[in-house]
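Colleague: Structure file run-v3.cif (mmCIF, C-alpha atoms) is given on the next line.
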```cif
data_upload
loop_
_atom_site.label_atom_id
_atom_site.label_comp_id
_atom_site.auth_asym_id
_atom_site.auth_seq_id
_atom_site.Cartn_x
_atom_site.Cartn_y
_atom_site.Cartn_z
CA MET M 1 14.04 12.09 -14.50
CA ARG M 2 16.09 15.25 -13.89
CA ARG M 3 17.90 14.80 -17.21
CA LEU M 4 14.56 14.49 -18.97
CA VAL M 5 13.29 17.70 -17.37
CA GLU M 6 16.44 19.57 -18.39
CA GLU M 7 16.14 18.29 -21.96
CA ARG M 8 12.52 19.43 -22.13
CA ARG M 9 13.56 22.85 -20.86
CA ARG M 10 16.32 23.10 -23.46
CA LEU M 11 13.99 22.15 -26.32
CA ALA M 12 11.34 24.57 -25.10
CA GLU M 13 13.89 27.40 -25.02
CA GLU M 14 15.04 26.59 -28.55
CA LEU M 15 11.41 26.49 -29.68
CA ARG M 16 10.90 29.94 -28.16
CA ARG M 17 13.87 31.32 -30.11
CA CYS M 18 12.53 29.78 -33.31
CA GLY M 19 9.22 31.49 -32.64
CA GLU M 20 10.94 34.85 -32.36
CA VAL M 21 12.63 34.34 -35.73
CA ILE M 22 9.36 33.25 -37.34
CA ARG M 23 7.50 36.28 -35.98
CA GLN M 24 10.09 38.49 -37.75
CA ARG M 25 9.26 36.95 -41.10
CA PRO M 26 11.22 38.82 -43.76
CA ARG M 27 9.43 40.22 -46.78
CA LEU M 28 11.42 39.58 -49.95
CA PRO M 29 11.12 42.06 -52.84
CA ALA M 30 11.15 39.09 -55.22
CA PRO M 31 10.92 35.30 -55.00
CA TYR M 32 13.80 33.63 -53.19
CA GLU M 33 15.10 31.83 -56.27
CA ASP M 34 15.08 35.05 -58.30
CA LEU M 35 17.15 36.79 -55.62
CA LYS M 36 19.62 33.90 -55.59
CA ARG M 37 20.02 34.14 -59.36
CA GLU M 38 20.47 37.92 -59.15
CA VAL M 39 23.25 37.52 -56.57
CA GLU M 40 24.99 34.93 -58.71
CA GLY M 41 24.74 37.23 -61.76
CA LEU M 42 26.09 40.23 -59.86
CA GLU M 43 28.98 38.19 -58.47
CA LEU M 44 29.84 36.94 -61.93
CA LYS M 45 29.65 40.48 -63.33
CA TYR M 46 31.80 41.80 -60.48
CA GLU M 47 34.46 39.19 -61.13
CA THR M 48 34.52 39.33 -64.94
CA THR M 49 33.71 42.92 -65.84
CA SER M 50 36.01 45.92 -65.64
CA MET M 51 34.27 48.87 -63.99
CA ASP M 52 35.05 52.07 -62.20
CA ARG M 53 35.08 52.31 -58.42
CA ARG M 54 31.64 53.92 -58.17
CA ARG M 55 30.02 51.19 -60.25
CA GLU M 56 31.92 48.53 -58.31
CA LYS M 57 30.69 50.00 -55.02
CA VAL M 58 27.08 49.97 -56.20
CA ILE M 59 27.32 46.28 -57.20
CA VAL M 60 29.00 45.27 -53.91
CA GLU M 61 26.36 47.07 -51.84
CA ARG M 62 23.60 45.41 -53.86
CA ILE M 63 25.18 41.99 -53.36
CA ASN M 64 25.49 42.60 -49.59
CA ARG M 65 21.85 43.71 -49.30
CA LEU M 66 20.67 40.69 -51.27
CA TYR M 67 22.81 38.36 -49.16
CA ALA M 68 21.37 39.88 -45.96
CA MET M 69 17.79 39.38 -47.20
CA ILE M 70 18.57 35.84 -48.34
CA ARG M 71 20.21 34.92 -45.02
CA ARG M 72 17.25 36.31 -43.02
CA TYR M 73 14.86 34.35 -45.21
CA GLU M 74 16.93 31.17 -44.87
CA ARG M 75 17.00 31.59 -41.09
CA TYR M 76 13.23 31.99 -41.22
CA VAL M 77 12.82 28.79 -43.28
CA ASP M 78 15.24 26.93 -40.97
CA ALA M 79 13.26 28.17 -37.96
CA LEU M 80 10.03 26.83 -39.49
CA ARG M 81 11.63 23.44 -40.10
CA ARG M 82 13.27 23.36 -36.67
CA ARG M 83 10.03 24.43 -34.98
CA ASP M 84 8.24 21.42 -36.44
CA GLU M 85 11.08 19.13 -35.34
CA LEU M 86 11.05 20.56 -31.82
CA ARG M 87 7.29 20.23 -31.53
CA ARG M 88 7.45 16.58 -32.60
CA ALA M 89 10.32 15.96 -30.17
CA LEU M 90 8.38 17.53 -27.30
CA GLU M 91 5.28 15.56 -28.24
CA ARG M 92 7.30 12.34 -28.26
CA MET M 93 8.87 13.31 -24.98
CA GLY M 94 5.43 14.01 -23.56
CA SER M 95 4.27 10.63 -24.84
CA ASP M 96 7.31 9.02 -23.25
CA ASP M 97 6.53 10.84 -20.02
CA LEU M 98 2.95 9.63 -20.24
CA ARG M 99 4.04 6.07 -20.93
CA GLY M 100 6.48 6.28 -18.06
CA GLU M 101 3.77 7.62 -15.78
CA LEU M 102 1.42 4.89 -16.93
CA ARG M 103 4.08 2.30 -16.19
CA ARG M 104 4.61 3.83 -12.77
CA VAL M 105 0.88 3.90 -12.07
CA GLY M 106 0.61 0.33 -13.35
CA GLY M 107 3.35 -0.71 -10.95
CA GLU M 108 1.59 1.04 -8.08
CA MET M 109 -1.70 -0.63 -9.03
CA GLU M 110 0.04 -4.00 -9.10
CA LYS M 111 1.39 -3.35 -5.61
CA MET M 112 -2.08 -2.32 -4.47
CA ARG M 113 -3.58 -5.49 -5.93
CA GLY M 114 -0.98 -7.51 -4.06
CA GLU M 115 -1.75 -5.64 -0.85
CA VAL M 116 -5.50 -6.12 -1.35
CA ALA M 117 -4.95 -9.85 -1.89
CA ARG M 118 -2.82 -9.99 1.26
CA LEU M 119 -5.46 -8.14 3.28
CA ARG M 120 -8.16 -10.46 1.96
CA GLU M 121 -6.16 -13.49 3.05
CA GLU M 122 -5.57 -11.86 6.44
CA ALA M 123 -9.30 -11.16 6.77
CA LYS M 124 -10.09 -14.78 5.89
CA ARG M 125 -7.57 -15.96 8.48
CA LEU M 126 -9.02 -13.70 11.17
CA LEU M 127 -12.56 -14.79 10.29
CA ARG M 128 -11.49 -18.43 10.42
CA GLU M 129 -9.82 -17.87 13.79
CA ALA M 130 -12.91 -16.03 15.04
CA ARG M 131 -15.10 -18.94 13.99
CA GLU M 132 -12.73 -21.40 15.63
CA GLU M 133 -12.71 -19.26 18.77
CA GLU M 134 -16.50 -19.15 18.68
CA ALA M 135 -16.58 -22.93 18.32
CA ARG M 136 -14.16 -23.26 21.26
CA ALA M 137 -16.34 -20.90 23.28
CA ARG M 138 -19.42 -23.00 22.49
CA GLU M 139 -17.50 -26.14 23.42
CA ALA M 140 -16.33 -24.53 26.67
CA GLU M 141 -19.90 -23.46 27.42
CA ARG M 142 -21.13 -27.00 26.74
CA ARG M 143 -18.42 -28.45 28.96
CA ALA M 144 -19.25 -25.92 31.68
CA MET M 145 -22.89 -26.98 31.51
CA ASP M 146 -21.84 -30.64 31.67
CA MET M 147 -19.61 -29.88 34.64
CA ASP M 148 -22.45 -28.00 36.32
CA MET M 149 -24.72 -30.98 35.81
CA GLU M 150 -22.00 -33.27 37.16
CA VAL M 151 -21.54 -31.01 40.19
CA ARG M 152 -25.28 -31.06 40.78
CA ARG M 153 -25.23 -34.86 40.54
CA LEU M 154 -22.32 -35.11 42.95
CA VAL M 155 -23.99 -32.67 45.34
CA GLY M 156 -27.10 -34.84 45.18
CA GLU M 157 -25.06 -37.91 45.99
CA ALA M 158 -23.33 -36.00 48.77
CA GLU M 159 -26.74 -35.04 50.15
CA GLU M 160 -27.72 -38.70 50.20
CA ILE M 161 -24.51 -39.57 52.02
CA LEU M 162 -24.64 -36.66 54.46
CA ARG M 163 -28.34 -36.70 55.19
CA PRO M 164 -28.06 -39.57 57.75
CA LEU M 165 -25.41 -37.49 59.49
CA GLY M 166 -27.70 -34.48 59.66
CA LEU M 167 -25.47 -32.53 57.25
CA SER M 168 -26.22 -30.61 54.06
CA ALA M 169 -23.85 -30.41 51.11
CA ASP M 170 -25.21 -26.98 50.22
CA ALA M 171 -24.68 -25.62 53.68
CA ARG M 172 -20.99 -26.42 54.10
CA SER M 173 -17.89 -26.34 51.99
CA LEU M 174 -16.26 -29.58 50.97
CA ARG M 175 -13.41 -28.87 53.37
CA ARG M 176 -15.86 -28.54 56.23
CA ILE M 177 -17.62 -31.73 55.18
CA ALA M 178 -14.32 -33.59 54.97
CA GLU M 179 -13.44 -32.31 58.42
CA LEU M 180 -16.75 -33.55 59.82
CA VAL M 181 -16.27 -36.92 58.14
CA ARG M 182 -12.81 -37.24 59.71
CA ARG M 183 -14.29 -36.36 63.10
CA HIS M 184 -16.99 -39.02 62.69
CA GLU M 185 -14.34 -41.53 61.65
CA ASP M 186 -12.28 -40.70 64.74
CA LEU M 187 -15.38 -40.91 66.93
CA LEU M 188 -16.43 -44.23 65.39
CA SER M 189 -12.93 -45.63 65.88
CA SER M 190 -12.98 -44.57 69.53
CA VAL M 191 -16.44 -46.08 70.10
CA LEU M 192 -15.46 -49.33 68.40
CA ARG M 193 -12.32 -49.58 70.55
CA LYS M 194 -14.38 -49.02 73.71
CA ARG M 195 -16.91 -51.66 72.63
CA ALA M 196 -14.14 -54.12 71.81
CA ALA M 197 -12.62 -53.50 75.24
CA GLY M 198 -15.99 -54.14 76.86
CA GLU M 199 -16.25 -50.62 78.19
CA PRO M 200 -19.74 -49.16 78.69
CA LEU M 201 -21.01 -46.88 75.88
CA SER M 202 -22.98 -43.68 76.26
CA PHE M 203 -26.36 -43.27 74.60
CA ASP M 204 -24.89 -41.09 71.84
CA GLU M 205 -22.10 -43.59 71.19
CA PHE M 206 -24.60 -46.44 71.03
CA ALA M 207 -26.83 -44.40 68.66
CA LEU M 208 -23.80 -43.75 66.42
CA LEU M 209 -23.16 -47.48 66.08
CA VAL M 210 -26.83 -48.06 65.28
CA ARG M 211 -26.78 -45.29 62.63
CA TYR M 212 -23.88 -46.91 60.80
CA GLY M 213 -25.14 -50.49 61.31
CA LEU M 214 -22.11 -51.56 63.34
CA LEU M 215 -23.90 -53.56 66.08
CA GLU M 216 -24.23 -56.79 64.14
CA GLY M 217 -21.67 -59.37 64.90
CA GLY M 218 -20.90 -57.64 68.18
#
```
Now that the file is in, can you turn its structure into structure tokens?

Modeller:
Amino acid sequence: MRRLVEERRRLAEELRRCGEVIRQRPRLPAPYEDLKREVEGLELKYETTSMDRRREKVIVERINRLYAMIRRYERYVDALRRRDELRRALERMGSDDLRGELRRVGGEMEKMRGEVARLREEAKRLLREAREEEARAREAERRAMDMDMEVRRLVGEAEEILRPLGLSADARSLRRIAELVRRHEDLLSSVLRKRAAGEPLSFDEFALLVRYGLLEGG
């Protein structure tokens, strides 16, 4: 890229110099071809004719003036030709720059399309995960409701079991209920041992056996 910039700068500088030459367009006293023929004739005359020094000096000065005018005109014509070449070169270079820029932009657009496609896939994945998470949340909610119903059912059954004991499943924690059950088991075991040993039972002990239907077969 740097080399291309330097080349453009060099061509632009040369084009500027050509413009300076063209602006100084020489005005010939006669057509270019006529001046060329005059120079050739004077040179031939100078080389083939014997003349005095004054006449020789006049011819040499005329030849030099004509050569100077011809060279300025030729530089002018060369500048015109070179100017057109430089303009075409700069135009081509500009076109190359444009094509290069278009290729660069095309590459960037291709990258952007790839990134957009990647982001779309990522969005689809996130949406899919969100839907799956929503489905899992609904499933968890359904299971929680089922568990709540199951807990209510178990509490109802516990109420049926504990009601004869004068207990409420809602009023005590399961640990407390288990502790009370263990106490009743211990008390029942003690009462049954006393009855088996023929020891007298208190009213409460007798009522406990009646509550649990343990008097039959006694």

Colleague: Using all atoms listed in the file, list the residues that have an atom at most 12 Å from (9.9, 24.3, -40.4), coordinates as in the file, as a PyMOL selection string.

Modeller: chain M and resi 15+18-19+21-22+74-88

Colleague: What gap, in Å, lies between CA of Glu108 in chain M and CA of Glu91 in chain M?

Modeller: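 The value is 25.1 Å.
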
Colleague: Go through the shown structure with the PyMOL selection byres ((chain M and resi 43) around 12) and write out the matching residues as a list in words.

Modeller: Lys36, Arg37, Glu38, Val39, Glu40, Gly41, Leu42, Leu44, Lys45, Tyr46, Glu47, Thr48, Thr49, Glu56, Ile59, Val60, Glu61, Arg62, Ile63, Asn64, Leu66 and Tyr67 of chain M

Colleague: Counting only C-alpha atoms, which residue out of M:Leu28, M:Met109, M:Met51, M:Met149 sits closest to Met69 in chain M?

Modeller: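 Nearest candidate to Met69 in chain M out of M:Leu28, M:Met109, M:Met51, M:Met149: M:Leu28.
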
Colleague: What does the structure give for the distance between CA of Tyr212 in chain M and CA of Arg193 in chain M, in Å to one decimal?

Modeller: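 Atom-to-atom, CA of Tyr212 in chain M to CA of Arg193 in chain M, that is 15.4 Å.
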
Colleague: Could you jot down the CA of Ile70 in chain M to CA of Glu20 in chain M separation for me, Å, one decimal place?

Modeller: 17.7 Å
